[in-house]
Structure formats: structure tokens, C-alpha cells
Amino acid sequence: MIQKGLFTQIGMIVLSIVIVFTYVKPEFVKIGEMQDEISVYNEEIRKVDSVNSQLATLKSKMDSTSQENKRRLQIYMPDSIDELNVMRDIGIIYTLAGFKNAIVKYDGFGSKSGSTKKSSQLKDSVYSVEVEGDYDKLKILFDLLEMNHYPIEMIELDVTRSEETGLLSIASSFVTHSFQLPEVNNVTKF
Amino acid sequence: MIDPSNNNSFIPKHGPAKFKRANVAKQVYVFSIISYILMFSSLLSAGGIYLYSKYFVEKQRDEKVVELDTAIRVFSEADMQEVLDFDRRLQQASDKFESSIALGTLFKAFEEATIEAVQIDNLKVERDNTNDEVLALEATLQTDSIDSAIFQRGVYKSNELVGSVVITGLDVEGADENQSDANLSQVITTEFIVPVSDVPYMGSRLRFVDGVGNPSYSTEESTQAEDVEESTGLENANNTALDNQENI
């Protein structure tokens with residue numbers, strides 16, 4: 001016959017084992033998982049702080065750029081091209097170079113020769129001009145084109161000497177560029 | 001009363017009876033101790049783990065969640081977009097600047113390398129479709145003799161910019177027999193390939209000295225500082241682009 005006291009002791013041992021395996025051990029595992037989560041959170045917080053810090057640095061660097069330089073950059077690489085203004089500018093340059101009756105044509109957008117590989121993502125606006133003049137005026141034209149505040153790039157030039165007039169018949173094609181945002185395929189939102 | 005000195009009984013005398021306890025060995029109930037220890041330790045550990053989990057670990061995790069959420073809220077997507085747009089614009093401007101050429105420099109070199117005996121009838125300059133890094137020049141030259149043509153080719157080859165000259169065609173027009181002075185006309189077609197990097201655009205080097213109504217300009221030998229002042233401001237922007245490239 002089992003004594004009452006022995007039964008109680010066996011019961012206590014069984015109960016303690018049950019407590020350990022049904023509560024203590026799973027709770028240990030749960031604490032371990034939570035601590036892993038905490039370390040992951042710490043890592044993510046560190047990354048986010050790093051990004052925030054870097055962004056703040058870049059923002060202050062961008063804000064430190066003078067308004068004049070920003071304005072010049074905007075002129076050099078505008079958001080969009082006003083074809084009429086560009087044709088006017090080309091006409092003025094030709095006039096300043098000494099050419100008369102410069103005919104400026106707008107040939108639309110396109111990727112004519114001259115679009116560099118690096119800037120091939122830029123929008124090209126193409127213009128053509130035909131004039132007659134002498135070689136000195138042509139040199140002045142090149143110099144004046146270099147002085148322009150935004151690039152008017154000559155991509156084609158055809159100079160032919162006219163035996164009748166002795167002047168040069170100059171046909172040229174120009175291209176201007178505007179800033180183009182890249183296509184966004186994947187957008188990450190927070 | 002009985003005299004104790006007169007003891008004739010055969011029954012031995014004993015003192016008053018004393019109850020002697022038997023020496024029983026102490027029994028240590030090890031099993032009980034073990035059971036009690038296990039019970040109390042399991043209860044203590046359960047309680048301790050409950051308190052540790054609820055009031056420390058979970059609290060710490062919740063604090064980290066709040067901290068991460070705060071850090072994410074600090075991030076400004078608008079600022080990032082602004083910085084990215086600025087950087088892209090700078091990068092595109094920088095690429096455009098690097099790929100820009102100074103045709104004046106090329107023509108100056110071409111002019112210097114062309115001898116007096118040669119006349120340029122036609123000149124074509126085109127930026128190559130297939131290779132954006134080169135300029136293709138095609139010139140139709142007229143000269144009085146084949147020797148002049150050969151000499152001209154030598155002069156071109158000795159020039160750094162137009163040294164890649166290739167004679168692709170030669171048209172020899174014979175002299176009229178009736179003419180007393182033989183005047184041979186050699187028409188030569190030449191092709192040049194000039195790397196874009198050899199005619200880089202260096203920024204504005206010229207200044208207007210008069211207004212628009214009376215245009216004239218001077219070609220000053222400007223210093224580096226003047227170049228920066230006269231430039232479109234892209235020098236600083238370009239440096240910023242390069243810095244941004246390093247940081248982003």
C-alpha cells in the first residue's frame with residue numbers, strides 16, 4: 001500500500017516536470033525569439049538612422065548650392081525645351097556672328113547623331129540652319145555657340161564653297177537637350 | 001514498616017524502574033527533499049520567467065518598435081525625391097558637359113594644318129551615329145599638284161587633332177593642251193576621325209565687350225579663375241555631382 005506522503009511527493013515531482021515542459025521551456029523559446037526580434041529591430045533602426053543621416057547631409061549640401069548656380073543649372077539642363085526660344089537664340093547667335101538671313105528650322109524631337117550614349121536618355125530637340133557667309137563668320141559662330149548658357153550642340157555641318165559668289169554655303173544641324181526623369185518601374189513606398 | 005537493612009528476599013534489588021528509550025537511527029527522506037526542491041524551483045522559475053518576459057523583454061521590444069516607427073517617420077520621401085532629382089539633373093548636365101566639344105578648336109587646328117596651296121571646296125563634320133566618341137570629318141580639297149597633296153597629307157598627319165587623315169579619293173583633271181601653263185587640278189577627298197576627347201569643351205573663354213546692339217568680343221587668355229567666373233556655374237555643380245556620386 002502506497003503511503004499518502006509518498007503519493008504527494010510523486011505528485012509534486014510530476015507537477016514540477018509538467019510546469020517545466022509546458023510553461024518554462026516554451027517561455028524560454030519565446031523569450032529567445034523576442035530577443036532575436038529586438039536585435040533585428042536594432043539593426044533596422046541603425047540602417048534607418050544611417051539613411052536619415054545621409055539624406056540630411058545630402059539635403060544640406062544641396063541647399064548650400066547657391067541660387068545662382070541652381071539657376072544656371074536649370075538653364076543648362078531645363079525641364080523642358082521651348083523650341084521657339086531656342087530658335088530665337090540660334091537666330092541671335094547667327095546674327096551676332098555676322099550672318100544675314102539665317103533660316104532656322106525646327107526638326108522636332110529625335111535621336112539624331114550626336115546624342116551621346118551617356119546622355120541618350122535626354123530629350124533631343126533638333127534644329128537646322130542654312131546660311132551663306134565667309135569663313136571668319138563661321139569661326140565666330142563656333143565661338144559664340146560655345147558661350148551659350150545652355151548647350152546648342154552642332155551635330156552636322158556641311159560647308160560648301162560657292163564658285164559663283166565666293167561665299168560659303170553653310171548647312172548645319174543643332175540639338176539641344178532637356179532634363180528627363182528616368183522611367184520608374186518599381187516604386188517603394190513607406 | 002519494613003526495615004530496609006533487613007533484606008532477606010532473593011529478589012534482586014533494583015532501583016526505581018526507568019523507561020529506557022531504544023536508540024532508533026534517524027531516517028533522511030531524500031525523496032521528499034528532492035520533490036520539495038523540484039516543486040519550489042519549478043514554481044520559482046515559472047514566476048521569474050513570467051515576470052522577465054512580461055516586464056522586461058516585451059517592454060524592450062515594444063520600445064524598439066516605437067523607436068523604429070519614429071525613425072521611419074523622420075524620413076522624408078519628399079526630401080529624398082528632391083535630392084535624387086537634383087542629383088540626376090547634375091549627372092545629366094555633367095555627362096552633357098563632358099561630351100560637349102569645341103568645334104572652334106577643331107577648325108583652328110584644321111586651318112593651321114592646311115597649307116596655302118590647298119583650297120577646301122567642301123567640308124562636312126558629323127558626330128558619328130555608331131560611335132558617339134568620335135567626330136567624322138570629310139573634306140574635299142583642291143590643290144595644284146599631287147606633290148602638294150602628298151605634302152598636305154604629311155602636314156595633317158603631323159597635327160595632333162587631324163592626324164588620322166585618310167585620303168579616300170583623288171580626281172586628277174588633265175590640263176588643256178592648248179594652254180601654255182599646265183595647271184593640273186587635283187581634287188582630293190579626305191576623311192578624318194577625331195576623338196571627341198581631343199576637342200573638349202572647356203567652358204566659356206570669351207567675353208562680350210560690347211552690348212548686343214554692337215556685338216564684338218575679345219578672345220582673352222583667361223586664367224583658370226576667370227574661366228570659373230565666366231563658366232555657366234557648372235564647375236561647382238559638377239563638383240557637387242561628383243561628390244554626390246560618391247555619397248549616394
# chains A, B, ... in the order shown; residues from 1 in each chain; ligands from 1
$ select_by_dssp --residues "region 63-141 of chain B" --states "strand (DSSP E or B)" --output "ChimeraX atom specification"
/B:101,118-127,134-141
$ residues_around --residues "region 50-58 of chain A" --least-positions-apart "3" --cutoff "9 Å" --atoms "only C-alpha atoms" --output "ChimeraX atom specification"
/A:45-47,61-63 /B:71-72,74-76,79-80,83,244,247-248
$ residues_around --residues "Lys124 (chain B)" --least-positions-apart "4" --cutoff "8 Å" --atoms "only C-alpha atoms" --output "JSON, numbers by chain"
{"A": [156, 157, 158, 159], "B": [137, 138, 139]}
$ select_by_dssp --residues "region 65-130 of chain B" --states "alpha helix (DSSP H)" --output "ChimeraX atom specification"
/B:65-74,77-99,103-113
$ residues_around --residues "Tyr150 (chain A)" --least-positions-apart "3" --cutoff "9 Å" --atoms "only C-alpha atoms" --output "ChimeraX atom specification"
/A:72-73,75-78,146-147,176-177 /B:232
$ write_last_selection --atoms "all heavy atoms" --output "mmCIF file, in the first residue's frame"
data_model
loop_
_atom_site.group_PDB
_atom_site.id
_atom_site.type_symbol
_atom_site.label_atom_id
_atom_site.label_comp_id
_atom_site.auth_asym_id
_atom_site.auth_seq_id
_atom_site.Cartn_x
_atom_site.Cartn_y
_atom_site.Cartn_z
ATOM 1 N N ARG A 72 21.634 78.579 -62.962
ATOM 2 C CA ARG A 72 22.426 78.245 -64.144
ATOM 3 C C ARG A 72 22.245 76.787 -64.538
ATOM 4 O O ARG A 72 22.196 76.450 -65.725
ATOM 5 C CB ARG A 72 23.902 78.525 -63.872
ATOM 6 C CG ARG A 72 24.249 79.997 -63.879
ATOM 7 C CD ARG A 72 25.698 80.202 -63.530
ATOM 8 N NE ARG A 72 26.101 81.575 -63.756
ATOM 9 C CZ ARG A 72 27.328 82.029 -63.585
ATOM 10 N NH1 ARG A 72 28.271 81.212 -63.180
ATOM 11 N NH2 ARG A 72 27.621 83.289 -63.809
ATOM 12 N N LEU A 73 22.151 75.939 -63.523
ATOM 13 C CA LEU A 73 21.938 74.521 -63.813
ATOM 14 C C LEU A 73 20.584 74.325 -64.474
ATOM 15 O O LEU A 73 20.445 73.537 -65.415
ATOM 16 C CB LEU A 73 22.019 73.709 -62.511
ATOM 17 C CG LEU A 73 21.753 72.211 -62.662
ATOM 18 C CD1 LEU A 73 22.803 71.560 -63.545
ATOM 19 C CD2 LEU A 73 21.756 71.528 -61.287
ATOM 20 N N ILE A 75 19.071 76.431 -66.287
ATOM 21 C CA ILE A 75 19.171 76.926 -67.658
ATOM 22 C C ILE A 75 19.924 75.920 -68.523
ATOM 23 O O ILE A 75 19.558 75.660 -69.664
ATOM 24 C CB ILE A 75 19.882 78.297 -67.695
ATOM 25 C CG1 ILE A 75 18.999 79.354 -67.044
ATOM 26 C CG2 ILE A 75 20.212 78.706 -69.127
ATOM 27 C CD1 ILE A 75 19.691 80.693 -66.841
ATOM 28 N N TYR A 76 20.989 75.374 -67.955
ATOM 29 C CA TYR A 76 21.826 74.439 -68.724
ATOM 30 C C TYR A 76 21.072 73.157 -69.011
ATOM 31 O O TYR A 76 21.198 72.572 -70.088
ATOM 32 C CB TYR A 76 23.107 74.131 -67.941
ATOM 33 C CG TYR A 76 24.154 73.384 -68.735
ATOM 34 C CD1 TYR A 76 25.064 74.085 -69.524
ATOM 35 C CD2 TYR A 76 24.259 72.000 -68.693
ATOM 36 C CE1 TYR A 76 26.034 73.424 -70.254
ATOM 37 C CE2 TYR A 76 25.214 71.331 -69.422
ATOM 38 C CZ TYR A 76 26.108 72.048 -70.196
ATOM 39 O OH TYR A 76 27.065 71.381 -70.923
ATOM 40 N N MET A 77 20.304 72.702 -68.047
ATOM 41 C CA MET A 77 19.557 71.447 -68.204
ATOM 42 C C MET A 77 18.103 71.719 -67.791
ATOM 43 O O MET A 77 17.688 71.404 -66.674
ATOM 44 C CB MET A 77 20.189 70.370 -67.330
ATOM 45 C CG MET A 77 19.671 68.946 -67.568
ATOM 46 S SD MET A 77 19.884 68.321 -69.225
ATOM 47 C CE MET A 77 21.667 68.384 -69.393
ATOM 48 N N PRO A 78 17.332 72.302 -68.680
ATOM 49 C CA PRO A 78 15.967 72.693 -68.302
ATOM 50 C C PRO A 78 15.040 71.492 -68.258
ATOM 51 O O PRO A 78 15.334 70.422 -68.788
ATOM 52 C CB PRO A 78 15.565 73.666 -69.417
ATOM 53 C CG PRO A 78 16.358 73.210 -70.596
ATOM 54 C CD PRO A 78 17.638 72.679 -70.059
ATOM 55 N N GLU A 146 29.778 78.285 -78.252
ATOM 56 C CA GLU A 146 30.384 77.792 -77.011
ATOM 57 C C GLU A 146 30.009 78.655 -75.824
ATOM 58 O O GLU A 146 30.017 78.193 -74.689
ATOM 59 C CB GLU A 146 31.909 77.780 -77.150
ATOM 60 C CG GLU A 146 32.454 76.666 -78.006
ATOM 61 C CD GLU A 146 33.970 76.690 -78.039
ATOM 62 O OE1 GLU A 146 34.586 77.060 -77.027
ATOM 63 O OE2 GLU A 146 34.534 76.349 -79.082
ATOM 64 N N MET A 147 29.700 79.914 -76.089
ATOM 65 C CA MET A 147 29.417 80.832 -74.992
ATOM 66 C C MET A 147 27.995 80.711 -74.474
ATOM 67 O O MET A 147 27.678 81.262 -73.429
ATOM 68 C CB MET A 147 29.632 82.280 -75.450
ATOM 69 C CG MET A 147 31.054 82.640 -75.712
ATOM 70 S SD MET A 147 31.190 84.334 -76.250
ATOM 71 C CE MET A 147 30.701 85.184 -74.768
ATOM 72 N N THR A 176 19.502 70.416 -78.920
ATOM 73 C CA THR A 176 19.505 70.847 -77.519
ATOM 74 C C THR A 176 18.855 69.741 -76.686
ATOM 75 O O THR A 176 18.107 68.918 -77.203
ATOM 76 C CB THR A 176 18.724 72.157 -77.308
ATOM 77 O OG1 THR A 176 17.372 71.963 -77.742
ATOM 78 C CG2 THR A 176 19.349 73.281 -78.100
ATOM 79 N N HIS A 177 19.149 69.766 -75.419
ATOM 80 C CA HIS A 177 18.677 68.700 -74.539
ATOM 81 C C HIS A 177 17.900 69.272 -73.377
ATOM 82 O O HIS A 177 18.119 70.410 -72.955
ATOM 83 C CB HIS A 177 19.865 67.914 -73.969
ATOM 84 C CG HIS A 177 20.771 67.385 -75.012
ATOM 85 N ND1 HIS A 177 20.485 66.284 -75.769
ATOM 86 C CD2 HIS A 177 21.974 67.829 -75.449
ATOM 87 C CE1 HIS A 177 21.478 66.067 -76.615
ATOM 88 N NE2 HIS A 177 22.396 66.993 -76.446
ATOM 89 N N THR B 232 29.324 78.583 -66.842
ATOM 90 C CA THR B 232 27.894 78.581 -66.570
ATOM 91 C C THR B 232 27.607 78.254 -65.130
ATOM 92 O O THR B 232 26.465 78.063 -64.756
ATOM 93 C CB THR B 232 27.204 77.509 -67.442
ATOM 94 O OG1 THR B 232 27.790 76.249 -67.147
ATOM 95 C CG2 THR B 232 27.390 77.837 -68.902
#
$ atom_distance --atom1 "CA of Ser145 (chain B)" --atom2 "CA of Gly169 (chain B)"
14.6 Å
$ residues_around --residues "Asp121 (chain B)" --least-positions-apart "2" --cutoff "8 Å" --atoms "only C-alpha atoms" --output "PyMOL selection string"
(chain A and resi 160-161) or (chain B and resi 119+123+139-142)
$ residues_around --residues "Tyr94 (chain A)" --least-positions-apart "4" --cutoff "10 Å" --atoms "only C-alpha atoms" --output "PyMOL selection string"
chain A and resi 88-90+98-104+129+131+137-138+140-142+144-145
$ write_last_selection --atoms "all heavy atoms" --output "short mmCIF file (atom, residue, chain, number, x, y, z; two decimals), in the first residue's frame"
data_model
loop_
_atom_site.label_atom_id
_atom_site.label_comp_id
_atom_site.auth_asym_id
_atom_site.auth_seq_id
_atom_site.Cartn_x
_atom_site.Cartn_y
_atom_site.Cartn_z
N ARG A 88 14.99 81.30 -81.56
CA ARG A 88 15.33 82.72 -81.43
C ARG A 88 16.79 82.88 -81.04
O ARG A 88 17.53 83.71 -81.61
CB ARG A 88 14.43 83.35 -80.38
CG ARG A 88 14.71 84.84 -80.13
CD ARG A 88 14.31 85.22 -78.74
NE ARG A 88 15.09 84.49 -77.75
CZ ARG A 88 14.88 84.55 -76.45
NH1 ARG A 88 13.92 85.29 -75.96
NH2 ARG A 88 15.62 83.86 -75.61
N ASP A 89 17.25 82.07 -80.06
CA ASP A 89 18.63 82.16 -79.61
C ASP A 89 19.60 81.81 -80.73
O ASP A 89 20.63 82.47 -80.92
CB ASP A 89 18.87 81.21 -78.41
CG ASP A 89 18.13 81.67 -77.17
OD1 ASP A 89 17.71 82.84 -77.12
OD2 ASP A 89 17.96 80.85 -76.24
N ILE A 90 19.26 80.77 -81.48
CA ILE A 90 20.13 80.39 -82.60
C ILE A 90 20.18 81.52 -83.62
O ILE A 90 21.24 81.88 -84.16
CB ILE A 90 19.64 79.08 -83.26
CG1 ILE A 90 19.82 77.91 -82.29
CG2 ILE A 90 20.40 78.79 -84.54
CD1 ILE A 90 19.22 76.59 -82.79
N GLY A 98 27.44 87.65 -87.65
CA GLY A 98 27.55 88.43 -88.88
C GLY A 98 26.78 87.84 -90.04
O GLY A 98 26.82 88.39 -91.14
N PHE A 99 26.09 86.75 -89.82
CA PHE A 99 25.32 86.16 -90.92
C PHE A 99 24.00 86.93 -91.08
O PHE A 99 23.41 87.40 -90.11
CB PHE A 99 25.01 84.69 -90.63
CG PHE A 99 26.22 83.79 -90.69
CD1 PHE A 99 26.82 83.34 -89.53
CD2 PHE A 99 26.73 83.38 -91.91
CE1 PHE A 99 27.93 82.52 -89.58
CE2 PHE A 99 27.84 82.56 -91.96
CZ PHE A 99 28.45 82.12 -90.80
N LYS A 100 23.60 86.98 -92.31
CA LYS A 100 22.31 87.62 -92.57
C LYS A 100 21.36 86.58 -93.12
O LYS A 100 21.76 85.65 -93.80
CB LYS A 100 22.50 88.77 -93.56
CG LYS A 100 23.32 89.89 -92.98
CD LYS A 100 23.55 91.00 -93.99
CE LYS A 100 24.44 92.06 -93.35
NZ LYS A 100 24.78 93.12 -94.31
N ASN A 101 20.12 86.80 -92.85
CA ASN A 101 19.07 85.92 -93.40
C ASN A 101 19.30 84.46 -93.01
O ASN A 101 19.25 83.57 -93.87
CB ASN A 101 18.99 86.05 -94.93
CG ASN A 101 18.74 87.45 -95.37
OD1 ASN A 101 18.00 88.19 -94.72
ND2 ASN A 101 19.36 87.85 -96.46
N ALA A 102 19.56 84.23 -91.73
CA ALA A 102 19.69 82.85 -91.27
C ALA A 102 18.30 82.24 -91.16
O ALA A 102 17.42 82.81 -90.52
CB ALA A 102 20.41 82.80 -89.94
N ILE A 103 18.11 81.10 -91.78
CA ILE A 103 16.82 80.41 -91.74
C ILE A 103 16.95 79.27 -90.74
O ILE A 103 17.71 78.31 -90.96
CB ILE A 103 16.43 79.88 -93.12
CG1 ILE A 103 16.39 81.05 -94.11
CG2 ILE A 103 15.09 79.16 -93.07
CD1 ILE A 103 16.24 80.60 -95.55
N VAL A 104 16.20 79.38 -89.65
CA VAL A 104 16.27 78.36 -88.61
C VAL A 104 15.02 77.51 -88.68
O VAL A 104 13.90 78.03 -88.70
CB VAL A 104 16.36 79.00 -87.20
CG1 VAL A 104 16.53 77.92 -86.14
CG2 VAL A 104 17.50 80.00 -87.14
N VAL A 129 19.86 74.95 -89.79
CA VAL A 129 20.04 76.32 -90.24
C VAL A 129 20.81 76.29 -91.55
O VAL A 129 21.77 75.51 -91.71
CB VAL A 129 20.83 77.15 -89.21
CG1 VAL A 129 20.92 78.60 -89.66
CG2 VAL A 129 20.20 77.05 -87.84
N VAL A 131 22.72 79.07 -94.14
CA VAL A 131 23.12 80.46 -94.36
C VAL A 131 24.23 80.50 -95.39
O VAL A 131 24.78 79.46 -95.77
CB VAL A 131 23.66 81.14 -93.07
CG1 VAL A 131 22.56 81.39 -92.08
CG2 VAL A 131 24.75 80.31 -92.44
N LYS A 137 33.24 84.44 -90.34
CA LYS A 137 31.94 84.43 -89.63
C LYS A 137 31.67 83.03 -89.06
O LYS A 137 31.09 82.89 -87.98
CB LYS A 137 30.82 84.84 -90.58
CG LYS A 137 30.84 86.29 -91.03
CD LYS A 137 29.55 86.65 -91.75
CE LYS A 137 29.51 88.11 -92.12
NZ LYS A 137 30.43 88.45 -93.23
N LEU A 138 32.09 82.02 -89.80
CA LEU A 138 31.87 80.64 -89.32
C LEU A 138 32.63 80.42 -88.02
O LEU A 138 32.13 79.80 -87.08
CB LEU A 138 32.32 79.65 -90.40
CG LEU A 138 32.02 78.18 -90.13
CD1 LEU A 138 30.53 77.93 -90.00
CD2 LEU A 138 32.60 77.30 -91.24
N ILE A 140 33.53 82.69 -85.87
CA ILE A 140 32.86 83.46 -84.82
C ILE A 140 31.61 82.72 -84.35
O ILE A 140 31.30 82.68 -83.15
CB ILE A 140 32.49 84.87 -85.33
CG1 ILE A 140 33.74 85.67 -85.64
CG2 ILE A 140 31.63 85.61 -84.31
CD1 ILE A 140 33.47 86.98 -86.35
N LEU A 141 30.92 82.10 -85.29
CA LEU A 141 29.72 81.34 -84.94
C LEU A 141 30.07 80.23 -83.94
O LEU A 141 29.37 80.04 -82.94
CB LEU A 141 29.11 80.75 -86.20
CG LEU A 141 27.92 79.80 -85.98
CD1 LEU A 141 26.72 80.57 -85.46
CD2 LEU A 141 27.56 79.07 -87.28
N PHE A 142 31.13 79.50 -84.22
CA PHE A 142 31.53 78.41 -83.30
C PHE A 142 31.84 78.96 -81.91
O PHE A 142 31.47 78.38 -80.90
CB PHE A 142 32.76 77.67 -83.84
CG PHE A 142 32.50 76.90 -85.09
CD1 PHE A 142 33.47 76.79 -86.07
CD2 PHE A 142 31.28 76.28 -85.29
CE1 PHE A 142 33.22 76.07 -87.23
CE2 PHE A 142 31.02 75.57 -86.44
CZ PHE A 142 32.01 75.48 -87.43
N LEU A 144 30.74 81.70 -80.54
CA LEU A 144 29.52 82.17 -79.88
C LEU A 144 28.67 81.00 -79.37
O LEU A 144 28.05 81.09 -78.32
CB LEU A 144 28.70 83.03 -80.84
CG LEU A 144 29.30 84.40 -81.16
CD1 LEU A 144 28.47 85.11 -82.23
CD2 LEU A 144 29.36 85.27 -79.90
N LEU A 145 28.67 79.93 -80.15
CA LEU A 145 27.90 78.75 -79.71
C LEU A 145 28.45 78.21 -78.40
O LEU A 145 27.71 77.74 -77.53
CB LEU A 145 27.93 77.66 -80.79
CG LEU A 145 27.01 77.88 -82.00
CD1 LEU A 145 27.31 76.86 -83.07
CD2 LEU A 145 25.56 77.80 -81.59
#
$ closest_residue --among "B:Val155, B:Ile120, B:Ile11, B:Val30" --to "chain A" --atoms "only C-alpha atoms"
B:Ile120
$ closest_residue --among "B:Ala117, B:Val125, B:Val134, B:Ala109" --to "chain A" --atoms "only C-alpha atoms"
B:Val125
$ atom_distance --atom1 "CA of Tyr36 (chain B)" --atom2 "CA of Ile49 (chain B)"
19.7 Å
$ closest_residue --among "B:Gln152, B:Ser197, B:Ser185, B:Ser164" --to "Glu111 (chain B)" --atoms "only C-alpha atoms"
B:Gln152
